[in-house]
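Shown here: upload-v1.csv, CSV, C-alpha atoms and all ligand atoms.
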```csv
chain,number,residue,atom,x,y,z
A,1079,MET,CA,1.9,21.0,-9.0
A,1080,ILE,CA,0.9,20.8,-12.7
A,1081,LEU,CA,0.4,17.2,-13.8
A,1082,HIS,CA,1.7,16.0,-17.2
A,1083,PRO,CA,-1.3,16.0,-19.6
A,1084,ARG,CA,-1.2,12.2,-19.9
A,1085,LEU,CA,-1.3,11.7,-16.2
A,1086,GLU,CA,-4.0,14.3,-15.8
A,1087,SER,CA,-6.2,12.5,-18.3
A,1088,LEU,CA,-5.6,9.2,-16.4
A,1089,GLN,CA,-6.5,10.9,-13.1
A,1090,GLN,CA,-9.8,12.1,-14.6
A,1091,ARG,CA,-10.8,8.5,-15.0
A,1092,LEU,CA,-10.5,7.8,-11.3
A,1093,ALA,CA,-13.6,7.7,-9.0
A,1094,PRO,CA,-13.8,9.6,-5.7
A,1095,SER,CA,-12.9,7.7,-2.5
A,1096,PRO,CA,-15.8,8.0,-0.1
A,1097,LEU,CA,-15.8,7.5,3.7
A,1098,THR,CA,-18.0,4.6,4.8
A,1099,ALA,CA,-19.3,4.8,8.4
A,1100,ILE,CA,-19.1,1.4,10.2
A,1101,GLU,CA,-21.7,0.7,12.8
A,1102,ASP,CA,-21.8,-2.2,15.2
A,1103,SER,CA,-22.4,-2.9,18.9
A,1104,GLN,CA,-18.6,-3.1,19.8
A,1105,LEU,CA,-18.3,0.5,18.7
A,1106,SER,CA,-21.5,2.0,20.2
A,1107,HIS,CA,-20.8,0.2,23.5
A,1108,ARG,CA,-17.5,2.1,23.8
A,1109,ARG,CA,-18.8,5.3,22.2
A,1110,LEU,CA,-16.3,5.0,19.4
A,1111,ARG,CA,-16.8,6.0,15.7
A,1112,LEU,CA,-15.2,4.0,12.9
A,1113,SER,CA,-15.0,5.0,9.3
A,1114,ILE,CA,-13.3,3.5,6.4
A,1115,LYS,CA,-11.6,5.7,3.7
A,1116,ARG,CA,-12.5,3.7,0.6
A,1117,ASP,CA,-9.4,4.1,-1.6
A,1118,ASP,CA,-10.3,0.6,-2.8
A,1119,LEU,CA,-13.0,2.2,-4.9
A,1120,ILE,CA,-10.8,4.7,-6.8
A,1121,HIS,CA,-10.2,2.3,-9.7
A,1122,PRO,CA,-10.3,-1.5,-10.3
A,1123,VAL,CA,-6.6,-1.6,-10.9
A,1124,LEU,CA,-5.1,1.7,-9.7
A,1125,SER,CA,-6.8,1.3,-6.4
A,1126,GLY,CA,-5.8,2.0,-2.8
A,1127,ASN,CA,-2.5,3.5,-2.0
A,1128,LYS,CA,-1.1,2.4,-5.4
A,1129,TRP,CA,-2.4,5.5,-7.3
A,1130,ARG,CA,-1.4,7.7,-4.4
A,1131,LYS,CA,2.2,6.4,-4.3
A,1132,LEU,CA,2.7,6.3,-8.1
A,1133,LYS,CA,1.1,9.6,-9.0
A,1134,TYR,CA,4.1,12.0,-8.6
A,1135,CYS,CA,6.7,9.3,-9.4
A,1136,LEU,CA,5.0,8.9,-12.8
A,1137,ASN,CA,4.7,12.6,-13.2
A,1138,HIS,CA,8.5,12.9,-12.7
A,1139,VAL,CA,9.1,10.0,-15.2
A,1140,LEU,CA,7.0,11.6,-17.9
A,1141,ASN,CA,8.3,15.1,-17.3
A,1142,ALA,CA,12.0,13.9,-17.2
A,1143,GLY,CA,11.5,12.0,-20.5
A,1144,TYR,CA,12.3,8.5,-19.3
A,1145,SER,CA,11.0,5.8,-21.7
A,1146,GLY,CA,10.0,3.4,-18.9
A,1147,VAL,CA,10.0,2.3,-15.3
A,1148,ILE,CA,11.8,-0.7,-13.8
A,1149,SER,CA,10.7,-2.0,-10.4
A,1150,MET,CA,10.5,-5.2,-8.3
A,1151,GLY,CA,7.9,-7.2,-6.4
A,1152,GLY,CA,6.6,-10.6,-5.5
A,1153,ALA,CA,4.6,-12.8,-7.8
A,1154,TYR,CA,1.3,-11.3,-6.4
A,1155,SER,CA,2.6,-7.8,-6.1
A,1156,ASN,CA,-0.1,-5.1,-5.9
A,1157,HIS,CA,2.6,-2.6,-6.7
A,1158,LEU,CA,3.7,-4.2,-10.0
A,1159,HIS,CA,0.1,-4.8,-10.9
A,1160,ALA,CA,-0.8,-1.1,-10.7
A,1161,LEU,CA,2.5,0.0,-12.2
A,1162,ALA,CA,2.2,-2.2,-15.3
A,1163,TYR,CA,-1.3,-0.9,-15.9
A,1164,ALA,CA,-0.4,2.7,-15.3
A,1165,CYS,CA,2.6,2.5,-17.6
A,1166,GLN,CA,0.6,1.0,-20.4
A,1167,GLN,CA,-2.1,3.7,-20.0
A,1168,LEU,CA,0.6,6.4,-20.1
A,1169,GLY,CA,2.5,5.0,-23.1
A,1170,LEU,CA,5.6,4.1,-20.9
A,1171,LYS,CA,7.5,0.8,-21.0
A,1172,SER,CA,7.9,-1.2,-17.8
A,1173,THR,CA,10.0,-4.0,-16.5
A,1174,GLY,CA,9.2,-6.0,-13.4
A,1175,LEU,CA,11.8,-8.0,-11.5
A,1176,ILE,CA,9.9,-10.8,-9.9
A,1177,ARG,CA,11.0,-12.6,-6.7
A,1178,GLY,CA,11.6,-16.3,-7.1
A,1179,GLU,CA,11.7,-18.9,-9.9
A,1180,GLN,CA,9.4,-18.8,-12.8
A,1181,THR,CA,6.7,-21.4,-12.6
A,1182,THR,CA,5.3,-23.2,-15.7
A,1183,GLU,CA,1.9,-21.6,-15.3
A,1184,LEU,CA,1.8,-17.9,-14.6
A,1185,ASN,CA,-0.6,-16.7,-11.9
A,1186,PRO,CA,-3.4,-14.2,-12.7
A,1187,THR,CA,-1.3,-11.3,-11.4
A,1188,LEU,CA,1.6,-12.1,-13.6
A,1189,ARG,CA,-0.7,-12.8,-16.6
A,1190,ASP,CA,-2.1,-9.3,-16.1
A,1191,LEU,CA,1.4,-7.8,-16.1
A,1192,LEU,CA,2.2,-9.4,-19.4
A,1193,THR,CA,-1.1,-8.3,-20.9
A,1194,TRP,CA,-0.2,-4.7,-20.0
A,1195,GLY,CA,3.2,-5.1,-21.7
A,1196,MET,CA,5.4,-5.4,-18.7
A,1197,GLU,CA,8.7,-7.2,-19.3
A,1198,LEU,CA,9.1,-9.9,-16.6
A,1199,ARG,CA,12.4,-11.0,-15.3
A,1200,PHE,CA,12.5,-13.6,-12.5
A,1201,VAL,CA,15.3,-13.2,-10.0
A,1202,SER,CA,16.5,-15.5,-7.3
A,1203,ARG,CA,15.4,-14.8,-3.7
A,1204,GLU,CA,19.0,-13.9,-2.8
A,1205,HIS,CA,19.4,-11.6,-5.8
A,1206,TYR,CA,16.1,-10.0,-4.9
A,1207,ARG,CA,17.2,-9.3,-1.4
A,1208,GLN,CA,20.3,-7.6,-2.8
A,1209,LEU,CA,18.2,-5.5,-5.0
A,1210,ARG,CA,16.7,-3.8,-1.9
A,1211,ASP,CA,20.1,-2.2,-1.5
A,1212,PRO,CA,20.1,1.0,-3.6
A,1213,GLN,CA,23.7,0.2,-4.9
A,1214,SER,CA,22.9,-3.2,-6.4
A,1215,TYR,CA,20.4,-2.3,-9.0
A,1216,GLU,CA,23.0,-0.2,-10.7
A,1217,GLY,CA,23.6,-3.2,-13.0
A,1218,PHE,CA,20.2,-2.9,-14.4
A,1219,LYS,CA,20.9,0.7,-15.5
A,1220,PHE,CA,23.2,-0.7,-18.2
A,1221,SER,CA,20.5,-2.8,-19.8
A,1222,HIS,CA,17.8,-0.2,-19.2
A,1223,PRO,CA,19.6,3.2,-19.3
A,1224,ASP,CA,16.6,5.3,-20.1
A,1225,TYR,CA,14.3,3.7,-17.4
A,1226,PHE,CA,13.5,5.1,-14.1
A,1227,TRP,CA,14.3,2.8,-11.1
A,1228,LEU,CA,11.4,2.6,-8.6
A,1229,PRO,CA,12.2,0.6,-5.5
A,1230,GLU,CA,10.1,-2.2,-4.1
A,1231,GLY,CA,6.5,-1.2,-3.2
A,1232,GLY,CA,6.9,2.2,-4.9
A,1233,SER,CA,8.9,3.4,-1.9
A,1234,SER,CA,10.4,6.7,-2.8
A,1235,GLN,CA,10.4,10.3,-1.6
A,1236,LEU,CA,8.3,11.1,-4.7
A,1237,ALA,CA,5.5,9.0,-3.3
A,1238,LEU,CA,5.0,11.0,-0.2
A,1239,GLN,CA,3.1,14.0,-1.7
A,1240,GLY,CA,0.5,11.8,-3.5
A,1241,VAL,CA,-0.1,9.9,-0.3
A,1242,ALA,CA,-0.5,13.1,1.7
A,1243,GLU,CA,-3.4,14.1,-0.6
A,1244,ILE,CA,-5.5,11.6,1.2
A,1245,LEU,CA,-5.6,13.9,4.2
A,1246,ASP,CA,-7.2,16.7,2.1
A,1247,GLU,CA,-10.2,14.4,1.5
A,1248,LEU,CA,-10.8,13.5,5.2
A,1249,PRO,CA,-13.3,15.3,7.5
A,1250,ASP,CA,-11.8,17.7,10.1
A,1251,GLU,CA,-12.9,15.7,13.1
A,1252,TYR,CA,-11.0,12.4,13.7
A,1253,HIS,CA,-8.4,11.2,16.2
A,1254,TRP,CA,-6.7,8.2,14.6
A,1255,LEU,CA,-5.9,7.2,11.1
A,1256,ALA,CA,-5.0,3.5,10.9
A,1257,LEU,CA,-3.3,1.9,8.0
A,1258,ALA,CA,-1.5,-1.3,6.9
A,1259,CYS,CA,2.3,-1.0,6.4
A,1260,GLY,CA,4.5,-2.9,4.0
A,1261,THR,CA,7.4,-0.5,3.2
A,1262,GLY,CA,6.1,2.2,5.4
A,1263,THR,CA,5.9,4.7,2.6
A,1264,THR,CA,2.2,5.4,2.9
A,1265,LEU,CA,2.6,6.0,6.6
A,1266,ALA,CA,5.5,8.4,5.9
A,1267,GLY,CA,3.5,10.3,3.4
A,1268,LEU,CA,0.6,10.7,5.8
A,1269,SER,CA,2.8,11.5,8.7
A,1270,SER,CA,4.5,14.3,6.7
A,1271,GLN,CA,1.3,16.4,6.5
A,1272,LEU,CA,-0.9,15.1,9.4
A,1273,SER,CA,-1.9,17.9,11.8
A,1274,ALA,CA,-1.9,17.5,15.6
A,1275,PRO,CA,-3.4,16.1,17.7
A,1276,ARG,CA,-4.3,13.4,15.2
A,1277,GLN,CA,-2.2,10.3,15.2
A,1278,LEU,CA,-1.3,7.5,12.8
A,1279,LEU,CA,-1.5,3.9,13.7
A,1280,GLY,CA,0.5,1.6,11.4
A,1281,ILE,CA,-0.1,-2.1,11.4
A,1282,ALA,CA,2.9,-4.0,10.0
A,1283,ALA,CA,1.9,-6.8,7.5
A,1284,LEU,CA,5.2,-8.6,7.9
A,1285,LYS,CA,7.1,-10.3,10.7
A,1286,ASN,CA,10.1,-8.7,12.4
A,1287,ALA,CA,9.2,-5.4,10.9
A,1288,GLY,CA,11.1,-3.3,13.5
A,1289,PHE,CA,13.4,-2.0,10.6
A,1290,LEU,CA,10.4,0.0,9.3
A,1291,ASN,CA,10.9,2.5,12.1
A,1292,GLN,CA,14.2,3.5,10.5
A,1293,ASP,CA,12.9,3.2,7.0
A,1294,ILE,CA,10.0,5.6,7.8
A,1295,ALA,CA,12.3,8.0,9.6
A,1296,ARG,CA,14.6,8.0,6.5
A,1297,LEU,CA,11.7,8.7,4.2
A,1298,LEU,CA,10.8,11.6,6.4
A,1299,THR,CA,14.3,13.2,6.5
A,1300,GLN,CA,13.0,16.0,4.2
A,1301,PHE,CA,10.6,17.0,7.0
A,1302,PRO,CA,13.1,17.4,9.9
A,1303,HIS,CA,10.8,19.4,12.2
A,1304,HIS,CA,7.7,17.3,11.8
A,1305,PRO,CA,6.4,15.8,15.0
A,1306,ARG,CA,6.5,12.1,15.7
A,1307,ASN,CA,2.8,11.5,15.1
A,1308,TRP,CA,2.8,7.8,14.4
A,1309,GLN,CA,3.2,4.5,16.0
A,1310,LEU,CA,3.8,1.2,14.5
A,1311,LEU,CA,2.4,-2.1,15.9
A,1312,LEU,CA,4.4,-5.1,15.0
A,1313,ASP,CA,2.4,-8.0,16.4
A,1314,TYR,CA,-0.5,-8.3,14.0
A,1315,HIS,CA,1.2,-10.1,11.1
A,1316,CYS,CA,-0.5,-13.5,11.8
A,1317,GLY,CA,2.8,-15.4,11.3
A,1318,GLY,CA,4.4,-13.4,8.5
A,1319,PHE,CA,3.8,-11.7,5.2
A,1320,ALA,CA,0.8,-13.2,3.3
A,1321,LYS,CA,0.4,-15.8,6.1
A,1322,THR,CA,-3.0,-16.2,7.7
A,1323,THR,CA,-4.6,-17.8,10.7
A,1324,PRO,CA,-8.0,-19.4,10.9
A,1325,ALA,CA,-9.0,-16.6,13.3
A,1326,LEU,CA,-8.0,-14.0,10.7
A,1327,ILE,CA,-10.0,-15.7,7.9
A,1328,ARG,CA,-13.0,-16.0,10.3
A,1329,PHE,CA,-12.7,-12.3,11.1
A,1330,ILE,CA,-12.5,-11.3,7.4
A,1331,ASN,CA,-15.5,-13.4,6.4
A,1332,ALA,CA,-17.6,-12.1,9.3
A,1333,PHE,CA,-16.6,-8.5,8.6
A,1334,GLU,CA,-17.3,-8.7,4.9
A,1335,GLN,CA,-20.7,-10.2,5.5
A,1336,ARG,CA,-21.7,-7.7,8.2
A,1337,HIS,CA,-20.5,-4.6,6.3
A,1338,GLN,CA,-20.7,-5.7,2.7
A,1339,LEU,CA,-17.1,-4.5,2.1
A,1340,ALA,CA,-14.3,-6.6,0.7
A,1341,LEU,CA,-11.0,-7.1,2.5
A,1342,GLU,CA,-7.9,-9.2,1.6
A,1343,PRO,CA,-5.8,-11.2,4.0
A,1344,VAL,CA,-2.3,-9.6,3.3
A,1345,TYR,CA,-2.9,-6.0,4.4
A,1346,THR,CA,-6.4,-4.8,5.0
A,1347,GLY,CA,-7.8,-7.9,6.7
A,1348,LYS,CA,-4.9,-7.8,9.2
A,1349,LEU,CA,-5.4,-4.1,9.7
A,1350,LEU,CA,-9.1,-4.3,10.5
A,1351,ALA,CA,-8.5,-7.4,12.7
A,1352,ALA,CA,-5.9,-5.3,14.6
A,1353,VAL,CA,-8.2,-2.3,15.0
A,1354,TYR,CA,-11.0,-4.5,16.4
A,1355,ASP,CA,-8.6,-6.2,18.8
A,1356,LEU,CA,-7.4,-2.8,20.0
A,1357,ILE,CA,-11.0,-1.7,20.5
A,1358,GLU,CA,-11.5,-4.8,22.7
A,1359,GLN,CA,-8.4,-3.8,24.7
A,1360,ASP,CA,-9.7,-0.2,25.2
A,1361,PHE,CA,-6.7,1.2,23.3
A,1362,PHE,CA,-9.0,4.0,22.0
A,1363,GLN,CA,-10.6,6.6,24.3
A,1364,PRO,CA,-14.5,6.8,24.4
A,1365,GLY,CA,-15.7,9.5,22.0
A,1366,GLN,CA,-12.8,9.0,19.6
A,1367,HIS,CA,-13.2,8.7,15.8
A,1368,ILE,CA,-11.0,6.2,14.1
A,1369,ILE,CA,-10.5,6.3,10.3
A,1370,VAL,CA,-9.1,3.2,8.7
A,1371,LEU,CA,-7.5,3.5,5.3
A,1372,HIS,CA,-8.7,0.8,2.9
A,1373,SER,CA,-5.5,0.6,0.8
A,1374,GLY,CA,-7.0,-1.7,-1.9
A,1375,GLY,CA,-5.0,-4.8,-2.9
A,1376,LEU,CA,-8.1,-6.8,-3.7
A,1377,GLN,CA,-6.5,-8.3,-6.9
A,1378,GLY,CA,-4.3,-10.2,-4.4
A,1379,ARG,CA,-7.3,-12.2,-3.3
A,1380,ARG,CA,-6.7,-14.3,-6.4
A,1381,SER,CA,-3.7,-15.8,-4.7
A,1382,GLU,CA,-3.8,-19.5,-3.8
A,1383,THR,CA,-0.6,-19.3,-1.9
A,1384,PHE,CA,-1.8,-17.9,1.4
A,1385,THR,CA,-0.7,-20.2,4.1
A,1386,THR,CA,-2.0,-20.7,7.5
A,1387,SER,CA,0.5,-20.2,10.2
A,1388,GLN,CA,-1.3,-22.2,12.9
B,1,LIG,C1,-3.0,-3.2,-0.4
B,1,LIG,C2,-1.8,-2.7,0.2
B,1,LIG,N1,-2.0,-2.0,1.4
B,1,LIG,C3,-0.9,-1.5,2.1
B,1,LIG,C4,0.3,-1.6,1.6
B,1,LIG,C5,1.5,-1.1,2.3
B,1,LIG,O1,1.9,0.1,1.8
B,1,LIG,P1,3.4,0.7,2.1
B,1,LIG,O2,4.3,-0.2,1.4
B,1,LIG,O3,3.4,2.1,1.6
B,1,LIG,O4,3.6,0.6,3.6
B,1,LIG,C6,0.5,-2.2,0.3
B,1,LIG,C7,1.9,-2.3,-0.3
B,1,LIG,O5,2.2,-1.5,-1.1
B,1,LIG,C8,-0.6,-2.8,-0.4
B,1,LIG,O6,-0.5,-3.4,-1.5
```

Go ahead and render the structure in this file as structure tokens.
Ligand SMILES: Cc1ncc(COP(=O)(O)O)c(C=O)c1O
Amino acid sequence: MILHPRLESLQQRLAPSPLTAIEDSQLSHRRLRLSIKRDDLIHPVLSGNKWRKLKYCLNHVLNAGYSGVISMGGAYSNHLHALAYACQQLGLKSTGLIRGEQTTELNPTLRDLLTWGMELRFVSREHYRQLRDPQSYEGFKFSHPDYFWLPEGGSSQLALQGVAEILDELPDEYHWLALACGTGTTLAGLSSQLSAPRQLLGIAALKNAGFLNQDIARLLTQFPHHPRNWQLLLDYHCGGFAKTTPALIRFINAFEQRHQLALEPVYTGKLLAAVYDLIEQDFFQPGQHIIVLHSGGLQGRRSETFTTSQ
């Protein structure tokens, strides 16, 4: 697909995403290979799955002549952070509906959004929940008629194609592609183009995330014949979204030190901790190659709100 010239020039500023081989005794002992797909290195702001998910949405926004994008997220949202920056770079306006009350001092994420020209509107938690229902954001269309509505987390059919491009950058030989799941959009995009016998392993970052099975299936309705090549593990959330445990923090610190590679506790830390737990449980077969997607989100490390659930 031909990209809008402004998006093309933004894309040219992105760095390649290498594959980093991880070596340690837990892996060699079980004859496993582990590599990390470093989408965190694509760009300081448009990093990880954010660029992948936004790429064709923003292409549509530019080609269709919308003047801006309106979307929603929490006060530390990686999605809004990337969206605000991308819109500023592309000459588009942006509005972010932020979950919860406004605090007197804005956190670093929200300050960045303002710097990049995003209009911020704080909405109550109840109203925010309602906005997840596609019908209820209709009201915003009156105040922003020429804006494109992008659901929470950039979850849309338009996101799938950009995500699937990750697969073109992977080597031929691997058995599992493991990734963190919030809305399940990244998993759906990968699932739509993954070829057998490779499988996807999604690690849910939030508690009670069984609903993601339906959400992912819904995103994949345009691929009715695609095989069920994914499984979603629901028990590695460490107490809930953005919650941590002392064990998770210990794991992240040790992993970062050993491999000189930054993780964050909301998505990628839980993902790697889950993969290592599964390795210990002999979930993977000897000889298998596991690729873990580093989906970025490192700006979220600035949060002081992570709470320990134990
Ligand atoms: C860093 C990071 N990793 C993973 C995810 C989960 O992606 P998805 O919502 O597509 O499941 C998100 C949320 O968008 C994220 O910010």

Would you kindly return, as a list in words, each protein, DNA or RNA residue with an atom no farther than 6 Å from any atom of Trp1254 of chain A, considering only C-alpha atoms and excluding same-chain residues fewer than 3 positions away?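 Skipping anything fewer than 3 positions along the chain leaves Arg1276, Gln1277, Leu1278 and Ile1368 of chain A.
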
Check every protein, DNA and RNA residue against ligand LIG 1 (chain B), keep those with an atom at most 10 Å away (counting only C-alpha atoms and all ligand atoms), and present them as a PyMOL selection string. chain A and resi 1117-1118+1125-1128+1130-1131+1151+1154-1160+1230-1234+1237-1238+1241+1257-1268+1280-1283+1290+1294+1341-1347+1349+1371-1378

Dump as a CSV table (one decimal), in the coordinates of the input, selection limited to C-alpha atoms:
```
chain,number,residue,atom,x,y,z
A,1117,ASP,CA,-9.4,4.1,-1.6
A,1118,ASP,CA,-10.3,0.6,-2.8
A,1125,SER,CA,-6.8,1.3,-6.4
A,1126,GLY,CA,-5.8,2.0,-2.8
A,1127,ASN,CA,-2.5,3.5,-2.0
A,1128,LYS,CA,-1.1,2.4,-5.4
A,1130,ARG,CA,-1.4,7.7,-4.4
A,1131,LYS,CA,2.2,6.4,-4.3
A,1151,GLY,CA,7.9,-7.2,-6.4
A,1154,TYR,CA,1.3,-11.3,-6.4
A,1155,SER,CA,2.6,-7.8,-6.1
A,1156,ASN,CA,-0.1,-5.1,-5.9
A,1157,HIS,CA,2.6,-2.6,-6.7
A,1158,LEU,CA,3.7,-4.2,-10.0
A,1159,HIS,CA,0.1,-4.8,-10.9
A,1160,ALA,CA,-0.8,-1.1,-10.7
A,1230,GLU,CA,10.1,-2.2,-4.1
A,1231,GLY,CA,6.5,-1.2,-3.2
A,1232,GLY,CA,6.9,2.2,-4.9
A,1233,SER,CA,8.9,3.4,-1.9
A,1234,SER,CA,10.4,6.7,-2.8
A,1237,ALA,CA,5.5,9.0,-3.3
A,1238,LEU,CA,5.0,11.0,-0.2
A,1241,VAL,CA,-0.1,9.9,-0.3
A,1257,LEU,CA,-3.3,1.9,8.0
A,1258,ALA,CA,-1.5,-1.3,6.9
A,1259,CYS,CA,2.3,-1.0,6.4
A,1260,GLY,CA,4.5,-2.9,4.0
A,1261,THR,CA,7.4,-0.5,3.2
A,1262,GLY,CA,6.1,2.2,5.4
A,1263,THR,CA,5.9,4.7,2.6
A,1264,THR,CA,2.2,5.4,2.9
A,1265,LEU,CA,2.6,6.0,6.6
A,1266,ALA,CA,5.5,8.4,5.9
A,1267,GLY,CA,3.5,10.3,3.4
A,1268,LEU,CA,0.6,10.7,5.8
A,1280,GLY,CA,0.5,1.6,11.4
A,1281,ILE,CA,-0.1,-2.1,11.4
A,1282,ALA,CA,2.9,-4.0,10.0
A,1283,ALA,CA,1.9,-6.8,7.5
A,1290,LEU,CA,10.4,0.0,9.3
A,1294,ILE,CA,10.0,5.6,7.8
A,1341,LEU,CA,-11.0,-7.1,2.5
A,1342,GLU,CA,-7.9,-9.2,1.6
A,1343,PRO,CA,-5.8,-11.2,4.0
A,1344,VAL,CA,-2.3,-9.6,3.3
A,1345,TYR,CA,-2.9,-6.0,4.4
A,1346,THR,CA,-6.4,-4.8,5.0
A,1347,GLY,CA,-7.8,-7.9,6.7
A,1349,LEU,CA,-5.4,-4.1,9.7
A,1371,LEU,CA,-7.5,3.5,5.3
A,1372,HIS,CA,-8.7,0.8,2.9
A,1373,SER,CA,-5.5,0.6,0.8
A,1374,GLY,CA,-7.0,-1.7,-1.9
A,1375,GLY,CA,-5.0,-4.8,-2.9
A,1376,LEU,CA,-8.1,-6.8,-3.7
A,1377,GLN,CA,-6.5,-8.3,-6.9
A,1378,GLY,CA,-4.3,-10.2,-4.4
```

For atom CA of Thr1173 of chain A and atom CA of Leu1192 of chain A, quote the distance in Å rounded to one decimal.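 Answer for the atom CA of Thr1173 of chain A to atom CA of Leu1192 of chain A separation: 9.9 Å.
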
Near-His1082 of chain A list (12 Å; all atoms listed in the file; drop same-chain fewer than 5 positions) as a ChimeraX atom specification: /A:1087-1089,1133-1143,1168

Near segment 1203-1210 of chain A, within 10 Å and counting only C-alpha atoms, which residues show up once chain neighbours fewer than 2 positions away are dropped, as a list in words? Ser1149, Met1150, Gly1151, Gly1152, Leu1175, Ile1176, Arg1177, Gly1178, Glu1179, Phe1200, Val1201, Pro1212, Gln1213, Ser1214, Tyr1215, Glu1216, Gly1217, Phe1218, Pro1229 and Glu1230 of chain A

From the list A:Gln1239, A:Gln1167, A:Asn1286, A:Gln1366, which residue is nearest Phe1319 of chain A when using all atoms listed in the file? A:Asn1286

Pairwise distance for atom CA of Ala1320 of chain A and atom CA of Leu1124 of chain A, rounded to one decimal in Å: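 If I compute the distance from atom CA of Ala1320 of chain A to atom CA of Leu1124 of chain A, I get 20.6 Å.
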
Between atom CA of Leu1132 of chain A and atom CA of Leu1228 of chain A - distance in Å to one decimal: 9.5 Å

Around (9.0, 2.4, -17.6), as given in the file, which residues come within 8 Å? Count all atoms listed in the file and list them as a PyMOL selection string. chain A and resi 1139+1144-1148+1165+1170-1173+1225-1226

For each of A:Trp1227, A:Phe1301, A:Trp1308, A:Tyr1354, take the minimum atom-to-atom distance to Leu1326 of chain A, counting all atoms listed in the file, then give the residue where this is smallest. A:Tyr1354

So which residues touch Gly1288 of chain A within 9 Å, counting only C-alpha atoms, skipping near sequence neighbours fewer than 4 positions away, as a tab-separated table (two decimals) with C-alpha atoms, in the coordinates of the input?
```
chain	number	residue	atom	x	y	z
A	1282	ALA	CA	2.90	-4.00	10.00
A	1292	GLN	CA	14.20	3.50	10.50
A	1310	LEU	CA	3.80	1.20	14.50
A	1312	LEU	CA	4.40	-5.10	15.00
```
